[in-house]
$ cat run.cif   # mmCIF, C-alpha atoms
data_entry
loop_
_atom_site.group_PDB
_atom_site.id
_atom_site.type_symbol
_atom_site.label_atom_id
_atom_site.label_comp_id
_atom_site.auth_asym_id
_atom_site.auth_seq_id
_atom_site.Cartn_x
_atom_site.Cartn_y
_atom_site.Cartn_z
ATOM 1 C CA MET A 1 -19.032 34.368 0.521
ATOM 2 C CA ILE A 2 -16.694 31.839 2.141
ATOM 3 C CA TRP A 3 -14.797 29.242 0.125
ATOM 4 C CA ALA A 4 -14.354 25.781 1.634
ATOM 5 C CA TYR A 5 -11.618 24.706 -0.818
ATOM 6 C CA PRO A 6 -9.869 27.872 -2.072
ATOM 7 C CA ASP A 7 -7.205 26.022 -4.080
ATOM 8 C CA ILE A 8 -6.152 28.779 -6.473
ATOM 9 C CA SER A 9 -3.500 26.652 -8.186
ATOM 10 C CA LEU A 10 -6.030 23.933 -9.052
ATOM 11 C CA ILE A 11 -8.568 26.472 -10.332
ATOM 12 C CA LEU A 12 -5.935 28.173 -12.517
ATOM 13 C CA THR A 13 -4.706 24.823 -13.852
ATOM 14 C CA LEU A 14 -8.218 23.787 -14.864
ATOM 15 C CA ALA A 15 -8.933 27.218 -16.359
ATOM 16 C CA ILE A 16 -5.728 27.139 -18.432
ATOM 17 C CA LEU A 17 -6.465 23.583 -19.586
ATOM 18 C CA PHE A 18 -10.001 24.539 -20.581
ATOM 19 C CA GLY A 19 -8.775 27.681 -22.353
ATOM 20 C CA LEU A 20 -6.156 25.712 -24.269
ATOM 21 C CA LEU A 21 -8.624 23.073 -25.410
ATOM 22 C CA TYR A 22 -11.193 25.662 -26.359
ATOM 23 C CA PHE A 23 -8.584 27.629 -28.283
ATOM 24 C CA ILE A 24 -7.986 24.493 -30.347
ATOM 25 C CA TYR A 25 -11.753 24.203 -30.833
ATOM 26 C CA LEU A 26 -12.027 27.816 -32.028
ATOM 27 C CA PHE A 27 -9.018 27.449 -34.290
ATOM 28 C CA ARG A 28 -10.752 24.472 -35.923
ATOM 29 C CA PHE A 29 -13.788 26.665 -36.553
ATOM 30 C CA TYR A 30 -11.529 29.342 -38.008
ATOM 31 C CA LEU A 31 -10.223 26.847 -40.540
ATOM 32 C CA ILE A 32 -13.751 25.743 -41.353
ATOM 33 C CA ASN A 33 -14.792 29.379 -41.750
ATOM 34 C CA LYS A 34 -12.351 29.711 -44.662
ATOM 35 C CA LYS A 35 -14.314 27.141 -46.637
ATOM 36 C CA LEU A 36 -17.847 27.338 -45.210
ATOM 37 C CA GLU A 37 -20.099 30.103 -43.992
ATOM 38 C CA VAL A 38 -20.225 30.064 -40.184
ATOM 39 C CA LYS A 39 -23.017 31.809 -38.293
ATOM 40 C CA LYS A 40 -20.932 33.815 -35.932
ATOM 41 C CA HIS A 41 -23.749 34.850 -33.564
ATOM 42 C CA ARG A 42 -24.658 31.177 -32.994
ATOM 43 C CA LEU A 43 -21.011 30.306 -32.479
ATOM 44 C CA PHE A 44 -20.783 33.113 -29.928
ATOM 45 C CA PHE A 45 -23.830 31.691 -28.126
ATOM 46 C CA LYS A 46 -22.204 28.240 -27.868
ATOM 47 C CA ILE A 47 -18.994 29.779 -26.559
ATOM 48 C CA LEU A 48 -20.907 31.797 -23.943
ATOM 49 C CA LEU A 49 -22.914 28.731 -22.904
ATOM 50 C CA ARG A 50 -19.845 26.564 -22.431
ATOM 51 C CA PHE A 51 -17.899 29.239 -20.611
ATOM 52 C CA SER A 52 -20.889 29.691 -18.294
ATOM 53 C CA TYR A 53 -21.181 26.089 -17.140
ATOM 54 C CA PHE A 54 -17.410 25.700 -16.913
ATOM 55 C CA ILE A 55 -17.220 28.683 -14.551
ATOM 56 C CA LEU A 56 -20.131 27.242 -12.548
ATOM 57 C CA PHE A 57 -18.218 23.950 -12.224
ATOM 58 C CA LEU A 58 -15.167 25.832 -10.930
ATOM 59 C CA ILE A 59 -17.288 27.690 -8.363
ATOM 60 C CA ALA A 60 -18.869 24.416 -7.195
ATOM 61 C CA LEU A 61 -15.387 22.857 -6.912
ATOM 62 C CA SER A 62 -14.294 25.702 -4.611
ATOM 63 C CA GLY A 63 -17.158 24.998 -2.167
ATOM 64 C CA PRO A 64 -18.951 28.338 -1.842
ATOM 65 C CA SER A 65 -20.649 28.952 1.518
ATOM 66 C CA VAL A 66 -23.340 31.608 1.629
ATOM 67 C CA GLY A 67 -24.903 33.072 4.769
ATOM 68 C CA THR A 68 -23.896 32.629 8.414
ATOM 69 C CA ALA A 69 -25.615 31.317 11.513
ATOM 70 C CA LEU A 70 -24.582 30.966 15.154
ATOM 71 C CA LYS A 71 -24.106 27.364 16.304
ATOM 72 C CA GLU A 72 -23.478 26.171 19.851
ATOM 73 C CA ILE A 73 -20.565 23.768 20.273
ATOM 74 C CA LYS A 74 -20.564 21.800 23.517
ATOM 75 C CA GLU A 75 -17.268 20.652 25.007
ATOM 76 C CA GLU A 76 -17.380 17.368 26.909
ATOM 77 C CA GLY A 77 -14.818 15.821 29.212
ATOM 78 C CA LYS A 78 -14.320 13.042 31.731
ATOM 79 C CA ASP A 79 -12.677 12.851 35.149
ATOM 80 C CA ILE A 80 -10.189 9.971 35.303
ATOM 81 C CA PHE A 81 -8.011 8.939 38.217
ATOM 82 C CA ILE A 82 -5.120 6.624 37.325
ATOM 83 C CA ALA A 83 -4.153 4.569 40.375
ATOM 84 C CA ILE A 84 -0.678 3.020 39.982
ATOM 85 C CA ASP A 85 0.708 0.253 42.180
ATOM 86 C CA LEU A 86 4.242 1.180 43.308
ATOM 87 C CA SER A 87 4.920 -1.812 45.516
ATOM 88 C CA GLN A 88 8.279 -3.578 45.141
ATOM 89 C CA SER A 89 6.676 -6.314 43.045
ATOM 90 C CA MET A 90 6.229 -3.775 40.229
ATOM 91 C CA ASN A 91 10.005 -3.985 39.696
ATOM 92 C CA ALA A 92 9.626 -7.591 38.547
ATOM 93 C CA THR A 93 11.044 -8.221 35.085
ATOM 94 C CA ASP A 94 8.579 -10.734 33.652
ATOM 95 C CA ILE A 95 7.667 -7.779 31.402
ATOM 96 C CA GLY A 96 10.619 -5.996 29.904
ATOM 97 C CA PRO A 97 12.341 -3.882 31.027
ATOM 98 C CA SER A 98 10.181 -4.081 34.176
ATOM 99 C CA ARG A 99 6.503 -3.882 35.033
ATOM 100 C CA LEU A 100 6.735 -0.280 36.221
ATOM 101 C CA GLN A 101 8.911 0.954 33.348
ATOM 102 C CA ARG A 102 6.532 -0.605 30.831
ATOM 103 C CA ILE A 103 3.531 0.988 32.535
ATOM 104 C CA LYS A 104 5.186 4.421 32.474
ATOM 105 C CA PHE A 105 5.776 4.100 28.743
ATOM 106 C CA GLU A 106 2.214 2.958 28.014
ATOM 107 C CA LEU A 107 0.627 5.636 30.216
ATOM 108 C CA LYS A 108 2.476 8.431 28.431
ATOM 109 C CA ASN A 109 0.782 7.366 25.211
ATOM 110 C CA LEU A 110 -2.558 6.757 26.911
ATOM 111 C CA VAL A 111 -2.944 10.191 28.480
ATOM 112 C CA LYS A 112 -2.247 11.880 25.131
ATOM 113 C CA ASN A 113 -5.519 10.401 23.860
ATOM 114 C CA PHE A 114 -7.487 12.175 26.596
ATOM 115 C CA ALA A 115 -6.270 15.746 26.192
ATOM 116 C CA GLY A 116 -9.817 17.076 26.698
ATOM 117 C CA ASP A 117 -10.311 15.215 29.991
ATOM 118 C CA ARG A 118 -9.140 15.875 33.533
ATOM 119 C CA ILE A 119 -6.653 13.259 34.680
ATOM 120 C CA GLY A 120 -5.251 12.682 38.164
ATOM 121 C CA LEU A 121 -2.617 10.280 39.513
ATOM 122 C CA ILE A 122 -2.855 8.197 42.684
ATOM 123 C CA ILE A 123 0.127 6.123 43.796
ATOM 124 C CA PHE A 124 -0.214 3.336 46.316
ATOM 125 C CA SER A 125 1.240 0.320 48.014
ATOM 126 C CA SER A 126 0.256 -0.247 51.630
ATOM 127 C CA GLU A 127 -1.005 3.375 51.593
ATOM 128 C CA ALA A 128 -2.347 5.665 48.866
ATOM 129 C CA PHE A 129 -1.359 9.231 48.006
ATOM 130 C CA VAL A 130 -2.523 11.744 45.413
ATOM 131 C CA GLN A 131 0.527 12.344 43.264
ATOM 132 C CA CYS A 132 -1.313 14.758 40.965
ATOM 133 C CA PRO A 133 -4.858 16.136 41.385
ATOM 134 C CA LEU A 134 -7.302 16.188 38.498
ATOM 135 C CA THR A 135 -5.953 18.489 35.806
ATOM 136 C CA PHE A 136 -6.173 19.262 32.103
ATOM 137 C CA ASP A 137 -2.428 20.021 32.008
ATOM 138 C CA GLN A 138 -0.807 17.232 29.996
ATOM 139 C CA ASN A 139 2.699 18.499 30.730
ATOM 140 C CA VAL A 140 2.170 18.142 34.481
ATOM 141 C CA ILE A 141 0.848 14.593 34.050
ATOM 142 C CA GLN A 142 3.808 13.608 31.879
ATOM 143 C CA LEU A 143 6.234 15.100 34.403
ATOM 144 C CA HIS A 144 4.753 13.065 37.256
ATOM 145 C CA LEU A 145 4.792 9.887 35.150
ATOM 146 C CA ASP A 146 8.515 10.373 34.507
ATOM 147 C CA GLY A 147 9.195 10.487 38.247
ATOM 148 C CA LEU A 148 7.325 7.326 39.251
ATOM 149 C CA ASN A 149 9.374 4.792 41.220
ATOM 150 C CA THR A 150 8.792 2.276 44.007
ATOM 151 C CA ASN A 151 10.559 4.450 46.605
ATOM 152 C CA LEU A 152 7.772 7.043 46.588
ATOM 153 C CA VAL A 153 5.481 5.038 48.903
ATOM 154 C CA PRO A 154 5.865 2.829 51.986
ATOM 155 C CA ASN A 155 6.301 -0.810 50.999
ATOM 156 C CA GLN A 156 4.813 -2.974 53.735
ATOM 157 C CA GLY A 157 2.583 -4.887 51.307
ATOM 158 C CA THR A 158 -0.180 -3.875 48.920
ATOM 159 C CA ASP A 159 -3.661 -2.656 49.825
ATOM 160 C CA ILE A 160 -5.851 -2.265 46.724
ATOM 161 C CA SER A 161 -8.665 -0.722 48.765
ATOM 162 C CA ALA A 162 -6.493 2.312 49.593
ATOM 163 C CA PRO A 163 -6.463 3.901 46.095
ATOM 164 C CA LEU A 164 -10.161 3.106 45.597
ATOM 165 C CA ASN A 165 -11.028 4.904 48.807
ATOM 166 C CA MET A 166 -8.763 7.831 47.900
ATOM 167 C CA ALA A 167 -10.357 8.199 44.445
ATOM 168 C CA LEU A 168 -13.831 8.055 45.975
ATOM 169 C CA GLU A 169 -13.002 10.808 48.458
ATOM 170 C CA LYS A 170 -11.545 13.076 45.770
ATOM 171 C CA PHE A 171 -14.489 12.537 43.433
ATOM 172 C CA ASN A 172 -16.892 13.442 46.237
ATOM 173 C CA LEU A 173 -15.129 16.781 46.604
ATOM 174 C CA GLU A 174 -15.874 17.592 42.962
ATOM 175 C CA ASN A 175 -19.081 19.351 41.908
ATOM 176 C CA SER A 176 -19.547 17.523 38.602
ATOM 177 C CA PRO A 177 -23.244 16.536 38.339
ATOM 178 C CA ASP A 178 -22.754 13.809 35.746
ATOM 179 C CA ILE A 179 -21.796 10.545 37.450
ATOM 180 C CA ASN A 180 -21.045 8.924 34.097
ATOM 181 C CA SER A 181 -18.006 11.169 33.689
ATOM 182 C CA LYS A 182 -16.024 9.615 36.565
ATOM 183 C CA SER A 183 -13.828 6.529 36.310
ATOM 184 C CA VAL A 184 -10.728 4.945 37.813
ATOM 185 C CA ILE A 185 -7.944 3.090 36.005
ATOM 186 C CA LEU A 186 -6.489 0.671 38.574
ATOM 187 C CA ILE A 187 -3.044 -0.612 37.560
ATOM 188 C CA SER A 188 -1.501 -3.410 39.599
ATOM 189 C CA ASP A 189 -0.101 -6.931 39.520
ATOM 190 C CA GLY A 190 -3.083 -7.893 41.685
ATOM 191 C CA GLU A 191 -1.240 -8.964 44.818
ATOM 192 C CA ASP A 192 -3.425 -7.686 47.658
ATOM 193 C CA PHE A 193 -2.437 -8.364 51.250
ATOM 194 C CA ALA A 194 -5.456 -6.598 52.731
ATOM 195 C CA ASP A 195 -8.378 -7.999 50.700
ATOM 196 C CA ASN A 196 -10.860 -5.486 52.131
ATOM 197 C CA PHE A 197 -11.900 -3.624 48.982
ATOM 198 C CA ARG A 198 -15.521 -4.779 48.833
ATOM 199 C CA ASP A 199 -16.876 -1.824 50.805
ATOM 200 C CA GLN A 200 -15.167 0.597 48.423
ATOM 201 C CA THR A 201 -16.413 -1.140 45.282
ATOM 202 C CA SER A 202 -19.963 -1.036 46.624
ATOM 203 C CA ARG A 203 -19.755 2.712 47.244
ATOM 204 C CA LEU A 204 -18.130 3.324 43.879
ATOM 205 C CA SER A 205 -20.881 1.379 42.149
ATOM 206 C CA GLU A 206 -23.599 3.324 43.975
ATOM 207 C CA GLN A 207 -22.130 6.588 42.676
ATOM 208 C CA GLY A 208 -21.706 5.283 39.137
ATOM 209 C CA ILE A 209 -17.895 5.360 39.239
ATOM 210 C CA LYS A 210 -16.487 2.595 37.064
ATOM 211 C CA VAL A 211 -13.156 0.930 37.699
ATOM 212 C CA PHE A 212 -11.142 -0.266 34.717
ATOM 213 C CA SER A 213 -8.477 -2.569 36.093
ATOM 214 C CA LEU A 214 -5.244 -3.361 34.287
ATOM 215 C CA GLY A 215 -3.347 -6.463 35.343
ATOM 216 C CA VAL A 216 0.403 -6.139 34.807
ATOM 217 C CA GLY A 217 2.606 -9.214 34.720
ATOM 218 C CA THR A 218 2.431 -12.895 33.837
ATOM 219 C CA SER A 219 1.157 -16.018 35.552
ATOM 220 C CA GLN A 220 4.721 -17.417 35.499
ATOM 221 C CA GLY A 221 6.030 -14.301 37.228
ATOM 222 C CA SER A 222 9.640 -13.512 38.057
ATOM 223 C CA THR A 223 11.914 -12.642 40.928
ATOM 224 C CA ILE A 224 12.064 -9.047 42.182
ATOM 225 C CA PRO A 225 15.381 -7.193 41.857
ATOM 226 C CA ARG A 226 16.625 -4.966 44.658
ATOM 227 C CA GLY A 227 19.882 -3.277 43.761
ATOM 228 C CA ASN A 228 22.341 -6.019 42.789
ATOM 229 C CA SER A 229 20.401 -8.758 44.565
ATOM 230 C CA ARG A 230 16.864 -10.142 44.783
ATOM 231 C CA ILE A 231 14.118 -9.766 47.373
ATOM 232 C CA ILE A 232 14.077 -12.869 49.594
ATOM 233 C CA ASP A 233 10.904 -14.597 50.742
ATOM 234 C CA PRO A 234 11.297 -14.889 54.552
ATOM 235 C CA ASN A 235 9.167 -18.036 54.638
ATOM 236 C CA THR A 236 11.328 -20.024 52.211
ATOM 237 C CA ASN A 237 14.580 -18.064 52.409
ATOM 238 C CA GLN A 238 14.553 -18.154 48.600
ATOM 239 C CA PRO A 239 14.161 -15.304 46.081
ATOM 240 C CA ALA A 240 10.540 -14.163 46.145
ATOM 241 C CA VAL A 241 8.576 -14.698 42.936
ATOM 242 C CA SER A 242 5.834 -12.228 42.035
ATOM 243 C CA ARG A 243 3.020 -13.448 39.769
ATOM 244 C CA LEU A 244 0.027 -11.717 38.256
ATOM 245 C CA GLU A 245 -3.008 -12.295 40.484
ATOM 246 C CA SER A 246 -5.944 -11.256 38.313
ATOM 247 C CA ASN A 247 -8.877 -12.517 40.408
ATOM 248 C CA ASN A 248 -9.212 -9.442 42.619
ATOM 249 C CA LEU A 249 -8.731 -7.064 39.699
ATOM 250 C CA LYS A 250 -11.454 -8.839 37.707
ATOM 251 C CA LEU A 251 -13.769 -8.785 40.727
ATOM 252 C CA ILE A 252 -13.283 -5.051 41.300
ATOM 253 C CA ALA A 253 -14.015 -4.317 37.641
ATOM 254 C CA SER A 254 -17.148 -6.467 37.570
ATOM 255 C CA GLN A 255 -18.531 -5.017 40.832
ATOM 256 C CA THR A 256 -18.280 -1.467 39.456
ATOM 257 C CA ASP A 257 -19.557 -2.285 35.951
ATOM 258 C CA GLY A 258 -16.077 -1.708 34.547
ATOM 259 C CA GLN A 259 -13.753 -3.988 32.594
ATOM 260 C CA TYR A 260 -10.546 -5.928 33.182
ATOM 261 C CA PHE A 261 -7.530 -5.754 30.858
ATOM 262 C CA GLU A 262 -4.015 -7.201 30.872
ATOM 263 C CA LEU A 263 -0.566 -6.052 29.864
ATOM 264 C CA SER A 264 2.384 -8.331 29.226
ATOM 265 C CA ASP A 265 4.795 -9.135 26.424
ATOM 266 C CA GLU A 266 2.191 -11.539 25.000
ATOM 267 C CA VAL A 267 -1.055 -9.708 25.829
ATOM 268 C CA GLN A 268 -1.327 -5.996 25.082
ATOM 269 C CA GLU A 269 -4.819 -4.673 25.767
ATOM 270 C CA ILE A 270 -4.011 -0.997 26.279
ATOM 271 C CA PRO A 271 -5.860 -0.046 23.037
ATOM 272 C CA ASP A 272 -8.942 -1.902 24.333
ATOM 273 C CA LEU A 273 -8.682 -0.007 27.613
ATOM 274 C CA MET A 274 -8.540 3.346 25.799
ATOM 275 C CA ALA A 275 -11.532 2.388 23.649
ATOM 276 C CA ALA A 276 -13.561 1.435 26.733
ATOM 277 C CA ILE A 277 -12.845 4.779 28.412
ATOM 278 C CA GLU A 278 -13.639 6.715 25.245
ATOM 279 C CA ARG A 279 -17.077 5.071 25.194
ATOM 280 C CA GLN A 280 -17.837 6.602 28.580
ATOM 281 C CA GLU A 281 -20.274 9.499 28.426
ATOM 282 C CA GLY A 282 -18.593 12.777 29.328
ATOM 283 C CA THR A 283 -19.704 15.816 31.290
ATOM 284 C CA VAL A 284 -20.414 19.084 29.487
ATOM 285 C CA THR A 285 -17.495 21.236 30.634
ATOM 286 C CA GLY A 286 -18.380 24.300 28.585
ATOM 287 C CA SER A 287 -19.880 25.611 25.383
ATOM 288 C CA ARG A 288 -19.091 28.264 22.821
ATOM 289 C CA MET A 289 -20.888 29.884 19.914
ATOM 290 C CA ILE A 290 -19.340 29.795 16.467
ATOM 291 C CA GLU A 291 -20.392 31.199 13.134
ATOM 292 C CA ALA A 292 -21.354 28.381 10.809
ATOM 293 C CA SER A 293 -22.093 28.700 7.098
ATOM 294 C CA ALA A 294 -23.666 26.169 4.736
ATOM 295 C CA ASN A 295 -21.822 24.936 1.658
ATOM 296 C CA LYS A 296 -23.983 25.807 -1.391
ATOM 297 C CA TYR A 297 -21.839 24.092 -4.039
ATOM 298 C CA PHE A 298 -24.771 21.875 -5.049
ATOM 299 C CA TYR A 299 -26.750 24.738 -6.587
ATOM 300 C CA PHE A 300 -23.861 25.878 -8.785
ATOM 301 C CA LEU A 301 -23.158 22.283 -9.773
ATOM 302 C CA LEU A 302 -26.814 21.662 -10.610
ATOM 303 C CA ILE A 303 -27.100 24.771 -12.798
ATOM 304 C CA GLY A 304 -23.808 23.916 -14.510
ATOM 305 C CA LEU A 305 -24.964 20.371 -15.260
ATOM 306 C CA GLY A 306 -28.251 21.744 -16.594
ATOM 307 C CA LEU A 307 -26.427 24.037 -19.024
ATOM 308 C CA ALA A 308 -24.095 21.208 -20.050
ATOM 309 C CA LEU A 309 -27.050 18.914 -20.783
ATOM 310 C CA LEU A 310 -28.707 21.725 -22.744
ATOM 311 C CA ASP A 311 -25.522 22.067 -24.792
ATOM 312 C CA LEU A 312 -25.529 18.315 -25.522
ATOM 313 C CA MET A 313 -29.238 17.767 -26.123
ATOM 314 C CA LEU A 314 -30.014 20.934 -28.105
ATOM 315 C CA PRO A 315 -27.146 21.450 -30.496
ATOM 316 C CA ILE A 316 -27.195 24.791 -32.281
ATOM 317 C CA LYS A 317 -26.356 24.886 -35.954
ATOM 318 C CA THR A 318 -23.383 27.073 -36.607
ATOM 319 C CA ILE A 319 -22.807 26.169 -40.277
ATOM 320 C CA ASN A 320 -25.124 26.854 -43.230
ATOM 321 C CA LEU A 321 -25.283 24.019 -45.701
#
$ encode --input "run.cif" --output "structure tokens"
Amino acid sequence: MIWAYPDISLILTLAILFGLLYFIYLFRFYLINKKLEVKKHRLFFKILLRFSYFILFLIALSGPSVGTALKEIKEEGKDIFIAIDLSQSMNATDIGPSRLQRIKFELKNLVKNFAGDRIGLIIFSSEAFVQCPLTFDQNVIQLHLDGLNTNLVPNQGTDISAPLNMALEKFNLENSPDINSKSVILISDGEDFADNFRDQTSRLSEQGIKVFSLGVGTSQGSTIPRGNSRIIDPNTNQPAVSRLESNNLKLIASQTDGQYFELSDEVQEIPDLMAAIERQEGTVTGSRMIEASANKYFYFLLIGLGLALLDLMLPIKTINL
């Protein structure tokens, strides 16, 4: 027999309390016995009855499980590529301390919620690179997130189609049969100097790969620091101002049946993003058999209640008048 709630201290406390109260009850009968004739065999029956249903209540409280059976537990997981924009505009400070630093902080918390899923990192600007292939290893993911900076990729503009194409190629190399298990989290300020992502979104949609885009920044924007100075716009010879351009990110999400979210000091939709990914159906990654037993506390409780009701409804005379 297996006990679901083997709290010995609680059981002993209740038993001592019951014993103390019943000792007082018996002592009262002892005093009565000095003056009146008590039928001791009937008194013994009442004591046995009450001890019986009290013990049954204690057994029910401990949650007895009787019998075992093998039960199959299926383990499900998802494949998620996180594509992070590392163009110079991600150093803008319209979100403190900067867009990139804020994203690194938020992603560390996000990936912890998907410990049972494979996560990969793609970094991009004008080109895209796989920073970390799909893996279950949370420590590796966290290590790569710590090292993210805008010097890891060439910075001749931003091409949003590059990470989409890279994710599509890597997913096609996988043998997972369940298309619902694959998704991309596209993180960017939305500035796209190529604007040629429509072919990729069409192919992603055909294969059931959803893109959840996260716009980082504000519509007011800010200048972009570079060392002790600011990046200069060659057209105006003034400090360049980077603003959140959400139109392309919203379009990519809608064309792949995904969703668009934003992150700024005023709008924080990371929890909504995590909830949307969690709703995605996962792939069965494995199964295992475990021994399961059924909690039978109800039967002990039912018998105990029956004896208690019998004690209340059919009182037994213990005193001769």
$ resolve_selection --input "run.cif" --expression "the PyMOL selection byres ((chain A and resi 186) around 7)" --output "MDAnalysis selection string"
chainID A and resid 82:84 184:185 187:188 211:214
$ resolve_selection --input "run.cif" --expression "the PyMOL selection byres ((chain A and resi 50) around 12)" --output "PyMOL selection string"
chain A and resi 18-19+22+25+43-49+51-57+304-312
$ residues_around --input "run.cif" --residues "Leu58 in chain A" --least-positions-apart "3" --cutoff "9 Å" --atoms "all atoms listed in the file" --output "list in words"
Ile11, Leu14, Ala15, Tyr53, Phe54, Ile55, Leu61, Ser62, Phe300 and Leu301 of chain A
$ resolve_selection --input "run.cif" --expression "the PyMOL selection byres ((chain A and resi 128) around 12)" --output "number ranges by chain"
A: 82-87, 121-127, 129-131, 152-155, 157-167, 169
$ closest_residue --input "run.cif" --among "A:Gly96, A:Gly190, A:Gly77, A:Pro239" --to "Arg118 in chain A" --atoms "all atoms listed in the file"
A:Gly77
$ closest_residue --input "run.cif" --among "A:Ser183, A:Cys132, A:Asp192, A:Ala92" --to "Gln156 in chain A" --atoms "all atoms listed in the file"
A:Asp192
$ closest_atom_pairs --input "run.cif" --of "range 149-202 of chain A" --to "range 254-259 of chain A" --cutoff "9 Å" --atoms "all atoms listed in the file" --output "tab-separated table"
residue	atom	partner	partner_atom	distance
A:Ser183	CA	A:Gly258	CA	8.7
A:Arg198	CA	A:Gln255	CA	8.6
A:Thr201	CA	A:Thr256	CA	6.1
A:Ser202	CA	A:Gln255	CA	7.2
$ atom_distance --input "run.cif" --atom1 "CA of Leu168 in chain A" --atom2 "CA of Gln268 in chain A"
28.1 Å
$ axis_aligned_box --input "run.cif" --around "range 96-113 of chain A" --padding-each-side "6 Å" --output "lines of an AutoDock Vina configuration file"
center_x = 3.4
center_y = 2.9
center_z = 30.0
size_x = 29.9
size_y = 29.9
size_z = 24.4
$ residues_around --input "run.cif" --residues "Ile103 in chain A" --least-positions-apart "4" --cutoff "9 Å" --atoms "all atoms listed in the file" --output "count of residues only"
8
$ closest_residue --input "run.cif" --among "A:Val111, A:Thr236, A:Leu100, A:Ile252" --to "Phe197 in chain A" --atoms "only C-alpha atoms"
A:Ile252
$ atom_distance --input "run.cif" --atom1 "CA of Gln101 in chain A" --atom2 "CA of Gly217 in chain A"
12.0 Å
$ atom_distance --input "run.cif" --atom1 "CA of Lys182 in chain A" --atom2 "CA of Glu245 in chain A"
25.8 Å
$ closest_residue --input "run.cif" --among "A:Glu206, A:Asp117, A:Glu269, A:Asp146" --to "Lys78 in chain A" --atoms "all atoms listed in the file"
A:Asp117
$ closest_residue --input "run.cif" --among "A:Val241, A:Ile141, A:Ile8, A:Leu20" --to "Thr218 in chain A" --atoms "all atoms listed in the file"
A:Val241
$ closest_residue --input "run.cif" --among "A:Ser222, A:Met90, A:Leu204, A:Gly227" --to "Arg102 in chain A" --atoms "only C-alpha atoms"
A:Met90
